[in-house]
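Enquirer: Structure file input_17.txt, compact mmCIF, C-alpha atoms and all ligand atoms, is pasted below:
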```txt
# COMPACT_ATOMS: atom_id res chain seq x y z
CA MET C 737 0.00 0.00 0.00
CA ALA C 738 1.35 3.41 -0.93
CA ASN C 739 1.97 5.87 1.90
CA ASP C 740 2.46 9.61 2.21
CA PHE C 741 5.39 11.10 0.43
CA SER C 742 7.15 14.43 0.16
CA LYS C 743 8.49 16.03 -2.97
CA VAL C 744 11.59 18.16 -3.52
CA HIS C 745 11.89 19.98 -6.84
CA VAL C 746 15.22 20.45 -8.57
CA ALA C 747 14.74 23.66 -10.55
CA LEU C 748 16.88 23.35 -13.64
CA GLY C 749 14.71 24.78 -16.43
CA ASP C 750 14.11 22.16 -19.11
CA ARG C 751 16.10 19.65 -17.06
CA ALA C 752 14.02 20.13 -13.89
CA TYR C 753 12.77 17.07 -11.99
CA ASP C 754 11.29 15.89 -8.72
CA ILE C 755 12.72 13.84 -5.90
CA ILE C 756 10.05 11.75 -4.19
CA ILE C 757 10.66 10.68 -0.59
CA GLY C 758 8.50 8.22 1.35
CA ALA C 759 8.13 4.64 2.52
CA ASN C 760 6.53 1.83 0.47
CA LEU C 761 6.15 4.02 -2.59
CA ASP C 762 4.30 2.89 -5.70
CA ILE C 763 6.60 4.11 -8.49
CA LEU C 764 3.78 4.03 -11.04
CA GLN C 765 2.25 7.05 -9.34
CA PHE C 766 5.16 9.12 -10.59
CA LEU C 767 5.77 7.75 -14.09
CA ARG C 768 4.03 8.38 -17.37
CA ARG C 769 2.93 5.43 -19.49
CA GLY C 770 5.51 4.66 -22.22
CA ARG C 771 4.38 5.03 -25.83
CA GLY C 772 3.76 1.99 -28.10
CA GLY C 773 6.88 -0.20 -28.44
CA SER C 774 8.40 1.40 -25.34
CA SER C 775 11.14 -0.28 -23.36
CA ALA C 776 12.78 0.08 -19.96
CA LEU C 777 16.16 -1.23 -18.85
CA ILE C 778 16.74 -1.81 -15.13
CA VAL C 779 20.41 -1.47 -14.20
CA THR C 780 21.13 -3.09 -10.87
CA ASN C 781 23.77 -5.27 -9.22
CA GLU C 782 24.07 -8.81 -7.97
CA LYS C 783 23.22 -7.83 -4.36
CA VAL C 784 20.32 -5.39 -4.86
CA GLY C 785 18.81 -7.06 -7.95
CA PRO C 786 17.53 -10.21 -6.23
CA LEU C 787 15.98 -8.10 -3.43
CA TYR C 788 14.12 -5.43 -5.39
CA SER C 789 14.27 -6.04 -9.15
CA PRO C 790 11.32 -8.52 -9.35
CA ASN C 791 8.86 -5.99 -7.85
CA LEU C 792 10.15 -3.15 -9.98
CA THR C 793 9.94 -5.32 -13.11
CA GLU C 794 6.37 -6.27 -12.31
CA SER C 795 5.40 -2.61 -11.84
CA LEU C 796 7.17 -1.39 -14.97
CA ARG C 797 5.53 -4.12 -17.07
CA LYS C 798 2.24 -2.31 -16.50
CA ILE C 799 3.46 0.72 -18.45
CA TYR C 800 6.27 -0.47 -20.74
CA ASP C 801 5.98 -3.06 -23.53
CA LYS C 802 9.42 -4.48 -22.81
CA VAL C 803 11.24 -4.51 -19.44
CA LEU C 804 14.86 -5.66 -19.58
CA SER C 805 17.53 -5.81 -16.94
CA VAL C 806 21.29 -5.92 -16.60
CA VAL C 807 22.95 -7.10 -13.40
CA LEU C 808 26.39 -5.64 -12.65
CA PRO C 809 29.05 -7.01 -10.31
CA ASP C 810 28.83 -5.36 -6.89
CA GLY C 811 31.25 -2.83 -5.48
CA GLU C 812 33.39 0.27 -5.98
CA LEU C 813 36.12 -1.95 -7.46
CA HIS C 814 33.82 -2.55 -10.44
CA LYS C 815 33.00 1.11 -11.09
CA ASN C 816 35.03 1.05 -14.29
CA TRP C 817 34.99 0.81 -18.10
CA GLN C 818 34.58 -2.95 -18.18
CA THR C 819 31.41 -2.87 -16.06
CA LEU C 820 30.05 0.17 -17.88
CA ASN C 821 30.39 -1.81 -21.10
CA ASN C 822 27.94 -4.41 -19.75
CA ILE C 823 25.26 -1.70 -19.81
CA TYR C 824 26.06 -0.67 -23.40
CA ASP C 825 26.06 -4.39 -24.38
CA ALA C 826 22.59 -4.87 -22.89
CA LEU C 827 21.27 -1.74 -24.64
CA LEU C 828 22.71 -2.67 -28.03
CA GLU C 829 21.96 -6.40 -27.91
CA ASN C 830 18.33 -5.62 -27.17
CA GLY C 831 18.02 -3.00 -29.90
CA CYS C 832 17.27 -0.21 -27.41
CA ASP C 833 16.64 3.16 -29.01
CA ARG C 834 16.66 6.74 -27.75
CA LYS C 835 13.25 6.35 -26.09
CA THR C 836 14.39 3.51 -23.85
CA VAL C 837 14.23 4.59 -20.21
CA LEU C 838 17.02 3.41 -17.98
CA PHE C 839 16.21 2.73 -14.30
CA ALA C 840 19.18 2.79 -11.89
CA LEU C 841 18.27 0.47 -9.01
CA GLY C 842 21.09 0.46 -6.46
CA GLY C 843 23.49 2.59 -4.49
CA GLY C 844 25.81 5.31 -5.71
CA VAL C 845 27.99 2.94 -7.71
CA VAL C 846 25.08 1.66 -9.81
CA GLY C 847 23.56 5.17 -10.02
CA ASP C 848 26.79 6.84 -11.18
CA MET C 849 27.47 4.15 -13.80
CA ALA C 850 23.88 3.89 -15.06
CA GLY C 851 23.75 7.70 -15.26
CA PHE C 852 26.93 7.80 -17.35
CA ALA C 853 25.58 5.07 -19.63
CA ALA C 854 22.35 7.09 -20.03
CA ALA C 855 24.35 10.25 -20.76
CA SER C 856 26.41 8.62 -23.47
CA TYR C 857 24.25 5.93 -25.11
CA MET C 858 23.07 7.39 -28.43
CA ARG C 859 24.20 10.77 -26.98
CA GLY C 860 21.62 10.61 -24.22
CA ILE C 861 18.58 8.60 -23.15
CA PRO C 862 16.22 9.30 -20.22
CA PHE C 863 16.97 7.78 -16.83
CA VAL C 864 15.34 7.44 -13.42
CA GLN C 865 17.21 7.03 -10.15
CA ILE C 866 15.89 4.58 -7.55
CA PRO C 867 18.58 4.90 -4.87
CA THR C 868 18.76 1.99 -2.42
CA THR C 869 21.44 3.21 0.02
CA LEU C 870 21.18 6.10 2.46
CA LEU C 871 24.18 7.72 0.81
CA SER C 872 22.62 7.59 -2.64
CA GLN C 873 19.27 8.89 -1.34
CA VAL C 874 20.83 11.97 0.25
CA ASP C 875 23.50 12.71 -2.29
CA SER C 876 24.56 10.72 -5.34
CA SER C 877 21.16 10.19 -7.00
CA VAL C 878 20.50 13.95 -7.03
CA GLY C 879 22.29 16.56 -9.11
CA GLY C 880 23.38 14.72 -12.22
CA LYS C 881 27.00 13.88 -11.53
CA THR C 882 27.69 10.57 -13.27
CA ALA C 883 31.06 8.85 -13.48
CA ILE C 884 33.33 5.85 -13.40
CA ASN C 885 36.72 5.61 -11.67
CA HIS C 886 40.15 5.51 -13.30
CA PRO C 887 42.97 3.61 -11.57
CA LEU C 888 44.70 6.99 -11.12
CA GLY C 889 41.73 8.91 -9.75
CA LYS C 890 38.20 8.63 -8.48
CA ASN C 891 35.22 9.62 -10.66
CA MET C 892 37.65 11.00 -13.25
CA ILE C 893 35.62 9.96 -16.31
CA GLY C 894 32.03 11.19 -16.36
CA ALA C 895 29.39 13.71 -17.36
CA PHE C 896 26.81 16.02 -15.87
CA TYR C 897 23.49 14.45 -16.84
CA GLN C 898 20.28 14.90 -14.90
CA PRO C 899 17.76 12.12 -14.22
CA LYS C 900 14.08 12.61 -15.07
CA LEU C 901 12.97 11.54 -11.60
CA VAL C 902 14.44 10.32 -8.29
CA VAL C 903 12.41 7.98 -6.09
CA CYS C 904 13.76 7.53 -2.54
CA ASP C 905 11.87 4.71 -0.84
CA LEU C 906 12.99 4.50 2.79
CA ARG C 907 11.75 0.90 3.07
CA LEU C 908 14.56 -0.17 0.74
CA LEU C 909 17.00 0.81 3.49
CA ASP C 910 15.71 -1.96 5.77
CA SER C 911 18.09 -4.46 4.15
CA LEU C 912 21.09 -2.11 4.14
CA PRO C 913 24.03 -3.35 6.24
CA LEU C 914 24.78 -1.11 9.27
CA ARG C 915 28.24 -0.20 7.95
CA GLU C 916 26.61 1.16 4.77
CA LEU C 917 23.98 3.05 6.78
CA ARG C 918 26.77 4.71 8.76
CA ALA C 919 28.57 5.62 5.50
CA GLY C 920 25.38 7.40 4.40
CA LEU C 921 25.35 9.35 7.65
CA ALA C 922 28.70 10.88 6.67
CA GLU C 923 27.13 12.59 3.64
CA ILE C 924 24.18 13.66 5.81
CA ILE C 925 26.47 15.21 8.43
CA LYS C 926 28.33 17.03 5.63
CA TYR C 927 25.35 19.32 4.90
CA GLY C 928 25.43 20.88 8.40
CA PRO C 929 28.89 22.50 8.52
CA ILE C 930 28.74 23.68 4.90
CA TYR C 931 25.18 25.03 4.70
CA ASP C 932 22.78 24.61 7.60
CA ILE C 933 24.00 24.74 11.17
CA LYS C 934 20.47 24.20 12.54
CA PHE C 935 20.43 20.88 10.71
CA PHE C 936 23.75 20.05 12.41
CA ASP C 937 22.16 20.85 15.82
CA TRP C 938 19.23 18.59 14.86
CA LEU C 939 21.62 15.77 13.93
CA GLU C 940 23.35 16.03 17.31
CA LYS C 941 19.95 15.28 18.87
CA PHE C 942 18.68 12.65 16.48
CA ILE C 943 21.70 10.59 15.43
CA PRO C 944 20.54 7.61 17.59
CA GLN C 945 17.15 7.58 15.83
CA LEU C 946 18.84 7.67 12.43
CA LEU C 947 21.07 4.75 13.41
CA ALA C 948 17.94 2.91 14.53
CA ARG C 949 16.37 3.61 11.08
CA ASP C 950 13.41 5.45 12.55
CA THR C 951 11.25 6.35 9.53
CA THR C 952 10.15 9.78 10.80
CA GLU C 953 13.69 11.02 11.43
CA LEU C 954 15.12 9.32 8.32
CA SER C 955 12.43 10.91 6.22
CA TYR C 956 13.22 14.38 7.61
CA ALA C 957 16.98 13.92 7.14
CA VAL C 958 16.67 12.65 3.55
CA ARG C 959 14.29 15.49 2.68
CA ARG C 960 16.47 18.21 4.25
CA CYS C 961 19.60 16.92 2.49
CA CYS C 962 17.78 16.74 -0.84
CA GLU C 963 16.43 20.28 -0.33
CA ILE C 964 19.93 21.62 0.31
CA LYS C 965 21.41 19.71 -2.59
CA ALA C 966 18.59 20.83 -4.92
CA GLU C 967 19.16 24.45 -3.88
CA VAL C 968 22.91 24.27 -4.48
CA VAL C 969 22.62 22.39 -7.78
CA GLY C 970 19.84 24.76 -8.91
CA LYS C 971 22.30 27.66 -8.52
CA ASP C 972 25.40 25.95 -9.93
CA GLU C 973 24.66 22.78 -11.87
CA GLN C 974 28.11 22.28 -13.38
CA GLU C 975 30.24 23.26 -10.39
CA SER C 976 31.64 26.54 -11.60
CA GLY C 977 31.61 27.78 -7.99
CA LEU C 978 29.14 27.11 -5.18
CA ARG C 979 28.54 23.40 -5.90
CA ALA C 980 32.13 22.59 -4.92
CA ILE C 981 31.11 23.03 -1.26
CA LEU C 982 29.30 19.67 -1.52
CA ASN C 983 32.76 18.15 -1.70
CA PHE C 984 33.55 18.97 1.94
CA GLY C 985 35.75 16.11 3.19
CA HIS C 986 36.06 14.65 -0.30
CA THR C 987 39.54 15.94 -1.21
CA PHE C 988 41.09 13.97 1.66
CA GLY C 989 38.39 11.27 1.33
CA HIS C 990 39.05 10.52 -2.34
CA ALA C 991 42.78 10.24 -1.56
CA ILE C 992 41.93 7.70 1.14
CA GLU C 993 39.68 5.70 -1.18
CA SER C 994 42.10 5.47 -4.08
CA GLY C 995 45.19 5.24 -1.83
CA MET C 996 43.77 2.26 0.07
CA GLY C 997 42.46 0.61 -3.15
CA TYR C 998 38.83 1.11 -4.20
CA GLY C 999 36.37 -0.65 -1.91
CA VAL C 1000 38.63 -1.02 1.15
CA TRP C 1001 37.35 2.15 2.81
CA LEU C 1002 33.75 2.98 1.90
CA HIS C 1003 33.19 6.35 0.24
CA GLY C 1004 31.32 7.65 3.30
CA GLU C 1005 34.11 6.48 5.62
CA GLY C 1006 36.70 8.38 3.59
CA VAL C 1007 34.45 11.46 3.63
CA ALA C 1008 34.02 11.17 7.43
CA ALA C 1009 37.76 11.16 8.18
CA GLY C 1010 38.22 13.72 5.39
CA MET C 1011 35.74 16.12 7.01
CA VAL C 1012 37.69 16.04 10.27
CA MET C 1013 40.91 16.75 8.35
CA ALA C 1014 39.31 19.61 6.40
CA ALA C 1015 37.82 21.08 9.60
CA GLU C 1016 41.19 20.84 11.34
CA LEU C 1017 42.80 22.60 8.37
CA SER C 1018 40.11 25.30 8.58
CA HIS C 1019 40.93 25.75 12.25
CA ARG C 1020 44.68 25.96 11.65
CA LEU C 1021 44.04 28.57 8.96
CA GLY C 1022 42.17 30.65 11.52
CA LEU C 1023 38.74 30.18 9.92
CA LEU C 1024 37.09 27.93 12.49
CA GLU C 1025 36.96 27.66 16.28
CA GLU C 1026 38.50 24.50 17.73
CA SER C 1027 35.26 23.87 19.62
CA PHE C 1028 33.41 23.27 16.35
CA VAL C 1029 36.07 20.83 15.10
CA ARG C 1030 35.49 18.96 18.38
CA ARG C 1031 31.70 18.96 17.90
CA LEU C 1032 32.10 17.61 14.38
CA ARG C 1033 34.52 14.90 15.50
CA ILE C 1034 32.16 13.80 18.28
CA LEU C 1035 29.15 13.61 15.95
CA ILE C 1036 31.12 11.58 13.40
CA GLU C 1037 32.28 9.26 16.18
CA ARG C 1038 28.71 8.83 17.46
CA ALA C 1039 27.67 7.86 13.93
CA GLY C 1040 30.23 5.04 14.17
CA LEU C 1041 32.49 6.52 11.52
CA PRO C 1042 36.28 6.96 11.43
CA THR C 1043 37.65 10.31 12.59
CA LYS C 1044 41.26 9.57 11.61
CA GLY C 1045 42.61 8.82 8.15
CA PRO C 1046 44.64 5.67 7.44
CA ILE C 1047 48.41 5.67 6.90
CA LEU C 1048 48.83 5.40 3.13
CA ASP C 1049 52.63 5.31 3.12
CA SER C 1050 54.72 4.61 6.21
CA ASP C 1051 57.76 6.43 4.72
CA ASP C 1052 56.04 9.64 3.62
CA ASN C 1053 52.35 9.56 4.51
CA ALA C 1054 51.68 13.26 3.97
CA GLY C 1055 53.56 13.13 0.65
CA ARG C 1056 51.36 10.28 -0.56
CA TYR C 1057 48.17 12.12 0.43
CA LEU C 1058 49.39 15.24 -1.35
CA GLN C 1059 50.28 13.27 -4.48
CA LEU C 1060 46.80 11.70 -4.58
CA MET C 1061 45.00 14.94 -3.74
CA LYS C 1062 46.61 16.72 -6.70
CA ILE C 1063 44.52 14.50 -9.02
CA ASP C 1064 41.32 16.18 -7.80
CA LYS C 1065 38.78 17.83 -10.06
CA LYS C 1066 38.94 20.98 -7.91
CA SER C 1067 42.71 21.32 -8.42
CA ASP C 1068 43.68 24.44 -10.28
CA MET C 1069 47.00 24.39 -12.24
CA GLY C 1070 48.26 21.70 -9.85
CA GLU C 1071 47.21 23.63 -6.72
CA ILE C 1072 44.96 21.62 -4.40
CA ARG C 1073 41.79 23.51 -3.47
CA PHE C 1074 40.08 22.51 -0.24
CA VAL C 1075 36.50 22.93 0.92
CA LEU C 1076 37.00 24.65 4.26
CA ILE C 1077 34.59 25.77 6.95
CA ASP C 1078 34.55 29.52 7.43
CA GLY C 1079 32.47 29.44 10.61
CA PRO C 1080 29.73 26.85 11.29
CA GLY C 1081 27.28 26.61 8.38
CA LYS C 1082 29.47 28.40 5.83
CA ALA C 1083 31.99 26.87 3.42
CA VAL C 1084 34.73 28.39 1.27
CA VAL C 1085 36.92 26.79 -1.38
CA GLN C 1086 40.58 27.80 -1.34
CA GLY C 1087 44.17 26.61 -1.35
CA ALA C 1088 46.35 26.16 1.74
CA PRO C 1089 50.12 26.22 2.37
CA GLU C 1090 51.54 22.74 1.78
CA ALA C 1091 53.43 22.73 5.08
CA LEU C 1092 50.18 23.29 6.97
CA VAL C 1093 48.41 20.54 5.03
CA ARG C 1094 51.29 18.21 5.91
CA GLU C 1095 50.88 19.09 9.62
CA VAL C 1096 47.15 18.35 9.46
CA ILE C 1097 47.71 14.99 7.77
CA GLU C 1098 50.32 14.06 10.40
CA ALA C 1099 47.92 15.05 13.19
CA CYS C 1100 44.84 13.37 11.72
CA CYS C 1101 46.10 9.95 10.58
CA ALA C 1102 46.64 6.80 12.60
P1 LIG D 1201 27.38 1.28 -3.22
O1 LIG D 1201 26.60 1.65 -4.39
O2 LIG D 1201 28.62 0.49 -3.42
O3 LIG D 1201 26.44 0.51 -2.19
C1 LIG D 1201 26.98 0.04 -1.00
C2 LIG D 1201 26.75 -1.47 -0.80
O4 LIG D 1201 25.41 -1.68 -0.38
C3 LIG D 1201 26.92 -2.31 -2.05
O5 LIG D 1201 27.46 -3.55 -1.70
C4 LIG D 1201 25.50 -2.47 -2.54
O6 LIG D 1201 25.31 -3.60 -3.37
C5 LIG D 1201 24.76 -2.61 -1.24
N1 LIG D 1201 23.36 -2.21 -1.25
C6 LIG D 1201 22.82 -1.16 -1.90
N2 LIG D 1201 21.54 -1.02 -1.55
C7 LIG D 1201 21.25 -2.01 -0.69
C8 LIG D 1201 20.08 -2.38 0.01
N3 LIG D 1201 18.96 -1.66 -0.06
N4 LIG D 1201 20.13 -3.48 0.80
C9 LIG D 1201 21.29 -4.18 0.92
N5 LIG D 1201 22.43 -3.86 0.29
C10 LIG D 1201 22.41 -2.79 -0.50
O7 LIG D 1201 27.81 2.58 -2.37
P2 LIG D 1201 27.09 3.95 -2.01
O8 LIG D 1201 27.60 4.30 -0.67
O9 LIG D 1201 25.64 3.90 -2.23
O10 LIG D 1201 27.68 4.97 -3.08
C11 LIG D 1201 29.04 5.28 -3.12
C12 LIG D 1201 29.37 5.76 -4.52
O11 LIG D 1201 28.62 6.94 -4.79
C13 LIG D 1201 30.81 6.10 -4.71
O12 LIG D 1201 31.25 5.54 -5.92
C14 LIG D 1201 30.82 7.62 -4.80
O13 LIG D 1201 31.85 8.11 -5.61
C15 LIG D 1201 29.47 7.89 -5.40
N6 LIG D 1201 28.96 9.23 -5.09
C16 LIG D 1201 28.49 9.97 -6.12
C17 LIG D 1201 27.94 11.21 -5.88
C18 LIG D 1201 27.33 11.99 -7.02
O14 LIG D 1201 27.01 13.16 -6.83
N7 LIG D 1201 27.14 11.38 -8.16
C19 LIG D 1201 27.87 11.71 -4.58
C20 LIG D 1201 28.35 10.92 -3.53
C21 LIG D 1201 28.88 9.68 -3.81
N1 LIG D 1202 28.46 14.98 -4.21
C1 LIG D 1202 28.94 16.22 -4.67
C2 LIG D 1202 28.11 16.83 -5.74
O1 LIG D 1202 27.11 16.28 -6.16
O2 LIG D 1202 28.43 17.87 -6.20
```
In structure tokens, how does this file's structure come out?
Ligand code: NAD
Ligand code: GLY
Expert:
Amino acid sequence: MANDFSKVHVALGDRAYDIIIGANLDILQFLRRGRGGSSALIVTNEKVGPLYSPNLTESLRKIYDKVLSVVLPDGELHKNWQTLNNIYDALLENGCDRKTVLFALGGGVVGDMAGFAAASYMRGIPFVQIPTTLLSQVDSSVGGKTAINHPLGKNMIGAFYQPKLVVCDLRLLDSLPLRELRAGLAEIIKYGPIYDIKFFDWLEKFIPQLLARDTTELSYAVRRCCEIKAEVVGKDEQESGLRAILNFGHTFGHAIESGMGYGVWLHGEGVAAGMVMAAELSHRLGLLEESFVRRLRILIERAGLPTKGPILDSDDNAGRYLQLMKIDKKSDMGEIRFVLIDGPGKAVVQGAPEALVREVIEACCA
């Protein structure tokens, strides 16, 4: 039975779309019937597919003539060209045309890859995001960043390409392992320091309810994060300025992910430790009170996330971080640009003296 839902609009002119948030949603409420000869391709993975693909297929069969699916191997390690090719193979082998609608059923890895396939197949076909992890519901399914990894850098090959619709069904989170739920909390926490300090205060109160998957609190948190993301993306879709603030913690975090080998640290875990490092750097640059760095560290700890980065190289740890961080999309002529906190609730993007960054890495890794 379908329940109440809330709607967040992403205002992007002719690329505008809605994000639907609720529990036990009936997706057919939000889709238009395909025209004669229409087809849909569900892109999912070997873990999520068996759980949720049969129901989705049954629903989509009511409005599409043909419902196909492609099941990808699971994990960040497979977010690459070879796996992406499986999607193109499925599209081509089944004679899919430009009207085929692609449905991304999975977490951020599936969503990012399916989105990139949709952006590039026949120069663009429509796609719908059905995010199944907390992280993908509050971040990756919204805003149109699609990508695969390169061995030398994370999300280095991709495109901006907006979905037609995002459907966040909180019931899908019931089967999510606790470690993955915690990783999603990292991206939720991120929105407080960069944009909405009242939301950060709220999280300090309600983190136990979020960890317990309480639907009321989860629903509020997912909605608030989507509202913030929609607002930021609505102002700066292609990251020429403001949108970069959504990468708070990601410069250090991406270095952790690729330095450890994709899939060893979860994306959210890298972001968690990365946020502490970026906050500490903000403090040492004189932008942020130490007391707020402490508050952030405590909240991250209470969410069960790492507050220290791993040692990536026992001979020159800071050097290795710096080397990895230079391959960042925010880098400018080789200069690393960090998302820093310029007082609680306000972010700035700027460079920092290398010696200071080294000090922060030494202080924040174990
Ligand atoms: P993920 O997609 O790897 O999912 C995490 C794990 O949970 C996987 O093993 C997956 O199969 C499993 N899973 C997913 N849904 C499940 C469910 N309902 N029940 C049980 N298991 C389930 O990881 P993620 O954390 O969702 O996404 C991380 C990825 O998102 C990274 O590649 C990151 O770069 C990307 N990302 C993109 C953006 C963006 O704006 N596009 C933003 C943030 C992160
Ligand atoms: N997750 C960062 C962004 O969408 O810009």
Enquirer: By how many Å are CA of Arg834 (chain C) and CA of Arg859 (chain C) apart?
Expert: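 Separating CA of Arg834 (chain C) from CA of Arg859 (chain C) is a distance of 8.6 Å.
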Enquirer: Need the shell around region 932-944 of chain C: protein/DNA/RNA residues with any atom at most 8 Å away, counting all atoms listed in the file. Skip same-chain ones fewer than 2 positions apart. Format as a ChimeraX atom specification?
Expert: /C:925,927-930,946-948,953,1035,1038-1039,1080-1082
Enquirer: Using only C-alpha atoms, which of the listed residues (C:Glu1005, C:Val845, C:Leu982, C:Ala855) sits closest to Leu921 (chain C)?
Expert: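 Of C:Glu1005, C:Val845, C:Leu982, C:Ala855, the one nearest Leu921 (chain C), counting only C-alpha atoms, is C:Glu1005.
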Enquirer: Please identify all protein, DNA and RNA residues within 6 Å of ligand LIG 1202 (chain D), counting only C-alpha atoms and all ligand atoms, and report them as an MDAnalysis selection string.
Expert: chainID C and resid 875:876 879 881 979 982:983
Enquirer: Quick one: residues within 12 Å of Gly831 (chain C), only C-alpha atoms, excluding same-chain residues fewer than 4 positions away - as a list of chain:residue names?
Expert: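 In the requested form, the answer reads C:Gly773, C:Ser774, C:Ser775, C:Ala776, C:Leu777, C:Lys802, C:Leu804, C:Tyr824, C:Asp825, C:Ala826, C:Leu827, C:Lys835, C:Thr836, C:Tyr857, C:Met858.
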Enquirer: Put the listed atoms of region 1071-1090 of chain C in a box along x, y and z with 6 Å added on every side and give me the centre and edge lengths in Å to one decimal, as lines of an AutoDock Vina configuration file.
Expert:
```
center_x = 39.4
center_y = 25.6
center_z = 2.3
size_x = 36.3
size_y = 19.9
size_z = 30.0
```
Enquirer: For each of C:Asn1053, C:Asn830, C:Gln974, C:Asn816, take the minimum atom-to-atom distance to Leu748 (chain C), counting only C-alpha atoms, then give the residue where this is smallest.
Expert: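 So, comparing all the options, the nearest one is C:Gln974.
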Enquirer: Out of C:Leu870, C:Glu1025, C:Val903, C:Asp801, which residue has the shortest atom-to-atom distance to Gln765 (chain C) when counting all atoms listed in the file?
Expert: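 Checking each candidate against Gln765 (chain C), we get C:Val903 as the closest.
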Enquirer: Residues within 9 Å of region 860-864 of chain C, please, as a compact mmCIF listing (two decimals) with C-alpha atoms, in the coordinates of the input. Count all atoms listed in the file; anything in the same chain fewer than 5 positions from it doesn't count.
Expert:
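Result written to result_38.txt:
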```
# COMPACT_ATOMS: atom_id res chain seq x y z
CA ASP C 833 16.64 3.16 -29.01
CA ARG C 834 16.66 6.74 -27.75
CA LYS C 835 13.25 6.35 -26.09
CA THR C 836 14.39 3.51 -23.85
CA VAL C 837 14.23 4.59 -20.21
CA LEU C 838 17.02 3.41 -17.98
CA PHE C 839 16.21 2.73 -14.30
CA ALA C 840 19.18 2.79 -11.89
CA LEU C 841 18.27 0.47 -9.01
CA ALA C 850 23.88 3.89 -15.06
CA GLY C 851 23.75 7.70 -15.26
CA ALA C 853 25.58 5.07 -19.63
CA ALA C 854 22.35 7.09 -20.03
CA ALA C 855 24.35 10.25 -20.76
CA TYR C 897 23.49 14.45 -16.84
CA GLN C 898 20.28 14.90 -14.90
CA PRO C 899 17.76 12.12 -14.22
CA LYS C 900 14.08 12.61 -15.07
CA LEU C 901 12.97 11.54 -11.60
CA VAL C 902 14.44 10.32 -8.29
CA VAL C 903 12.41 7.98 -6.09
```
